[in-house]
Amino acid sequence: MLEISHVTKVFFPGTVNEKVALEDINLTVNDGDVICVIGSNGSGKSTLFNMIAGTFPVTSGTIKLAGKDITHAPEYKRAFNIGRIFQDPTKGTSANMSIQDNMNLASSKGMKGLRFGLTKERKAAFREMLSTIGLEDRMEDNVGLLSGGQRQALTLLMTTLSRPSLMLLDEHTAALDPRNAEIVMNLTKEYIERDHLTAMMVTHNMQFAIDYGNRLIMMDEGHIIMDVSGEEKSKLTVQALVDEFRNIRNKEFDSDEGLLTN
Amino acid sequence: MIEGIFVEGLIFSIMVLGILISYRILDLADLTCDGSVATGAAVATMCIVNGLGIPMGLIMSFLVGVLCGLVTATIHNKLHIPGLLASILTMTMLYSINLRILGNKANVSLVRVDTLYRLFPKAFSFASSDVAALLGTLLFVLLVKVLMDVFFRTDIGQAIGALGGNEQVILSQGMNPAILKVIGLGLSNGLIALSGGMLAQYQGFADANLGQGMVVQGLAAIMIGEFLFSSNRISLITLRAILGAIIYKALMFLGRKYGYLIGITPNDFKLLTGILVIISLAVAQTRAMASNKGARKKAIARVLGEAKEEEKDA
C-alpha cells in the first residue's frame with residue numbers, strides 16, 4: 001500500500017551542518033500492517049514520518065501510496081489518506097474551539113463550504129462517539145480546557161473519523177502520564193482493530209513493540225537495520241533485540257529508555 | 001453631539017471588525033489596514049463623485065479592499081515571508097495607488113454630491129439629521145456584524161478560526177492553509193476598506209493620509225472591548241469589538257474636548273493610543289498570570305483536600 005523506494009533526506013546540504021537523516025530507505029507497507037518502529041534518538045524515525053506525511057520534501061527517492069506517486073504532493077493533500085498523531089497533544093486539535101466544532105472540522109477532509117455542518121444528527125452522532133472517551137457531556141467546552149490525555153484521545157477519535165488508509169503515530173502517548181498513556185494506547189488498539197487500519201507507530205518501549213503489531217522495524221543512523229514480522233517477530237525478546245542491534249551495528253544500543261521501560 | 005461620537009465609533013467599528021479577523025481570528029499581524037482604509041475611502045469617493053452612485057461606491061470599496069488583502073496574502077503565501085512584512089509592502093504600495101485613485105490629489109471633496117449621510121436624513125425623516133445618521137449607520141453596522149457572525153459559524157468560517165489557533169489541524173484535515181488565509185485577509189481588508197468608504201462620506205472627503213496609525217487605533221479598540229467581558233462566542237466577540245470601537249472614539253472625543261485642561265492636544269493622540277495598547281497588553285498579561293496563580297492554588301487545595309479525605313478514610 002505504501003511503497004518507499006530509495007528515499008534519502010539530507011538536511012542543510014552543502015554546509016558544515018550537513019546531516020544525512022535518512023539514507024536510501026526502502027520499505028513496503030502492506031495493507032493491514034501494524035508496524036512498530038523503534039530506534040534511538042536521532043535514528044531517523046521522525047524524519048521518516050515527516051517524509052511520508054509530506055512535512056518536508058525528500059532529497060531523493062519516491063514515495064507511493066496505493067499506487068499513486070505522492071513524492072511531491074503537499075502535506076494537506078496527503079492528509080486525505082494519511083492520519084497523523086503527534087507526541088504533542090496540542091497539535092491535533094484547535095484549543096480555542098469547542099469539542100463539537102473540532103469534531104465537525106474533522107468529519108470530512110478537504111476544503112469546507114458555506115454550510116452549517118453541525119446539524120442535530122451530527123451532534124447526536126458525535127455525542128455517541130465521544131461517550132467512548134467520556135467527553136459526551138462536555139461537547140460545548142473549549143478543547144483548551146481538556147487534559148493532555150483527553151486531548152490526545154479526542155485527536156485519535158478525530159483522526160479515525162475519516163478512516164485514513166494509513167495512520168502515523170509518532171510517540172503519541174509519550175507526553176502523557178502512565179495512566180492516560182495506557183488509556184490512549186488501549187483506544188488506539190481498539191480503533192486499529194475496529195477499522196482494520198494500517199498503522200505505523202513509533203515507540204520507545206521495546207517490550208511493547210515486541211508484543212504489539214505484526215511487524216517491527218528498527219532504525220539507526222538513517223537506516224532500517226531490522227525488519228521482522230510474523231513468526232519471527234513473536235519469538236523476539238528484548239535481550240534478543242539488543243543483542244541483534246549490537247551484532248548489526250557493532251555498538252551498544254544507546255537509548256536506555258528502551259531498556260528501562262519494560 | 002453625542003450622536004456624532006456614536007456615528008464615528010460605529011463607522012470605525014467596521015474597520016475594527018476587519019482587524020479582529022486578521023489579528024485575533026487568523027492570528028496574523030496585518031498592517032495592510034493603514035493602506036486599505038484609505039483605498040476604500042478613495043474608491044468610494046471617486047465612484048460617488050463620478051456619478052456611479054452610493055451603493056456602487058460601497059460595493060467597489062469593499063471589493064477593492066478584498067483585492068488589497070489578496071495582495072498581502074499572496075506575498076505572504078508565495079514568498080513565505082511573515083505577514084507583517086508582506087502587509088508593510090502592500091501598505092506602502094497602496095499609498096501611491098491611493099494618490100492615483102484620487103487623481104494625483106492628496107484629497108478629494110464630497111461636499112457637492114449626495115452621500116449616504118445626505119440620504120439618511122431623507123430616509124429617516126421623522127428624526128433629526130444627527131439621529132438619522134446614527135440610525136442609518138447602526139443598521140448598516142448591525143447588518144455587517146450579523147453577516148460576519150453567520151460566516152464564522154459556517155464550516156469554512158470555523159476552519160479559518162481553527163487556522164489561527166493551530167495550523168497543523170488544518171493541514172491534517174486536508175485543507176490548504178494558504179487559501180484560508182487568502183479568504184480571511186480578503187474579508188478583513190474588505191471590511192476595512194468599506195469602513196473607509198463610509199468614513200469618507202461621513203467626513204465629506206477622502207484623504208490619502210487617512211490610514212495613518214489606523215491599525216494601532218483598531219487594536220486599542222479590540223483591547224478595550226476585551227476588558228468588557230470574556231467569551232468564545234463569535235457574536236459576543238464581534239459585539240465587544242464594536243463596543244470597544246465606540247468607547248475608543250468617546251475617549252478620543254473627551255481628549256479633544258477636555259484634554260486642554262491637562263495640556264493634551266490632538267497631536268498627542270497617537271502617543272496616547274499607543275500607550276493605551278501597551279497598558280492593555282500589560283493588564284491582560286497580569287490577568288493571565290493571576291488566573292494561573294489562582295488555578296495553581298486551587299489545584300494544590302484540591303490535592304491537599306483529597307489527601308485529607310484519604311486520611312479520614314484510613
# chains A, B, ... in the order shown; residues from 1 in each chain; ligands from 1
call {"tool": "residues_around", "arguments": {"residues": "stretch 147-154 of chain A", "least_positions_apart": "2", "cutoff": "10 Å", "atoms": "only C-alpha atoms", "output": "MDAnalysis selection string"}}
result
chainID A and resid 85:95 99 102:103 129:130 132:135 143:145 156:160 172:173 175:185 187:188
call {"tool": "residues_around", "arguments": {"residues": "B:Thr32", "least_positions_apart": "5", "cutoff": "9 Å", "atoms": "only C-alpha atoms", "output": "ChimeraX atom specification"}}
result
/B:37,68-69,72,84,86-92,94,189,215
call {"tool": "write_last_selection", "arguments": {"atoms": "C-alpha atoms", "output": "PDB file, in the first residue's frame"}}
result
ATOM      1  CA  VAL B  37      -8.791  52.032   4.710  1.00  0.00           C
ATOM      2  CA  CYS B  68      -5.656  44.609  -1.122  1.00  0.00           C
ATOM      3  CA  GLY B  69      -5.985  41.659   1.269  1.00  0.00           C
ATOM      4  CA  THR B  72      -0.844  40.738   1.130  1.00  0.00           C
ATOM      5  CA  LEU B  84       3.913  41.617   8.967  1.00  0.00           C
ATOM      6  CA  ALA B  86       4.061  41.298   3.449  1.00  0.00           C
ATOM      7  CA  SER B  87       1.494  43.762   4.746  1.00  0.00           C
ATOM      8  CA  ILE B  88       4.021  46.579   5.179  1.00  0.00           C
ATOM      9  CA  LEU B  89       4.875  46.144   1.490  1.00  0.00           C
ATOM     10  CA  THR B  90       1.221  46.291   0.460  1.00  0.00           C
ATOM     11  CA  MET B  91       0.544  49.247   2.745  1.00  0.00           C
ATOM     12  CA  THR B  92       3.452  51.227   1.290  1.00  0.00           C
ATOM     13  CA  LEU B  94      -1.106  51.376  -1.566  1.00  0.00           C
ATOM     14  CA  ASN B 189      -9.459  44.199   4.287  1.00  0.00           C
ATOM     15  CA  VAL B 215      -4.064  49.558  12.921  1.00  0.00           C
TER      16      VAL B 215
END
call {"tool": "interface_residues", "arguments": {"of": "chain B", "to": "chain A", "cutoff": "6 Å", "atoms": "only C-alpha atoms", "output": "list in words"}}
result
Thr154, Asp155, Ile156, Ala162, Gly165, Asn166, Val169, Leu171, Ser172, Gln173, Gly174, Met175 and Asn176 of chain B
call {"tool": "closest_residue", "arguments": {"among": "A:Leu236, A:Ala73, A:Leu166, A:Ile52", "to": "A:Asp211", "atoms": "only C-alpha atoms"}}
result
A:Leu236
call {"tool": "select_by_dssp", "arguments": {"residues": "stretch 46-256 of chain B", "states": "strand (DSSP E or B)", "output": "list in words"}}
result
Asn107, Val108, Ser109, Phe205, Ala206 and Asp207 of chain B
call {"tool": "write_last_selection", "arguments": {"atoms": "N, CA and C atoms", "output": "mmCIF file, in the first residue's frame"}}
result
data_model
loop_
_atom_site.group_PDB
_atom_site.id
_atom_site.type_symbol
_atom_site.label_atom_id
_atom_site.label_comp_id
_atom_site.auth_asym_id
_atom_site.auth_seq_id
_atom_site.Cartn_x
_atom_site.Cartn_y
_atom_site.Cartn_z
ATOM 1 N N ASN B 107 -6.312 65.035 -1.494
ATOM 2 C CA ASN B 107 -7.680 64.775 -1.036
ATOM 3 C C ASN B 107 -8.719 65.264 -2.031
ATOM 4 N N VAL B 108 -9.882 64.586 -1.988
ATOM 5 C CA VAL B 108 -10.984 64.910 -2.889
ATOM 6 C C VAL B 108 -12.230 65.132 -2.045
ATOM 7 N N SER B 109 -12.937 66.227 -2.320
ATOM 8 C CA SER B 109 -14.098 66.583 -1.505
ATOM 9 C C SER B 109 -15.373 65.921 -2.013
ATOM 10 N N PHE B 205 -14.927 63.989 2.707
ATOM 11 C CA PHE B 205 -13.776 63.987 1.793
ATOM 12 C C PHE B 205 -12.960 62.715 1.984
ATOM 13 N N ALA B 206 -12.177 62.391 0.964
ATOM 14 C CA ALA B 206 -11.229 61.284 1.060
ATOM 15 C C ALA B 206 -9.830 61.866 1.071
ATOM 16 N N ASP B 207 -8.969 61.260 1.899
ATOM 17 C CA ASP B 207 -7.639 61.799 2.111
ATOM 18 C C ASP B 207 -6.641 60.650 1.982
#
call {"tool": "atom_distance", "arguments": {"atom1": "atom CA of B:Ala132", "atom2": "atom CA of B:Ile59"}}
result
22.0 Å
call {"tool": "residues_around", "arguments": {"residues": "B:Leu26", "least_positions_apart": "3", "cutoff": "9 Å", "atoms": "only C-alpha atoms", "output": "list in words"}}
result
Leu20, Ile21, Ser22, Tyr23, Ala29, Ile160, Gly161, Ala162, Leu163, Gly164, Gly165, Lys181, Gly184 and Leu185 of chain B
call {"tool": "residues_around", "arguments": {"residues": "B:Ala123", "least_positions_apart": "4", "cutoff": "12 Å", "atoms": "only C-alpha atoms", "output": "list in words"}}
result
Leu116, Tyr117, Arg118, Leu119, Ala127, Ser128, Ser129, Val131, Ala132, Ala133, Leu135 and Gly136 of chain B
call {"tool": "residues_around", "arguments": {"residues": "stretch 7-17 of chain B", "least_positions_apart": "4", "cutoff": "8 Å", "atoms": "only C-alpha atoms", "output": "MDAnalysis selection string"}}
result
chainID B and resid 3 21 37 133:134 137:138 141 144 188 191:196 198:199 218:219 221:222 238 241:250
call {"tool": "closest_residue", "arguments": {"among": "B:Leu304, B:Leu102, B:Val49, B:Met1", "to": "B:Asp114", "atoms": "only C-alpha atoms"}}
result
B:Val49
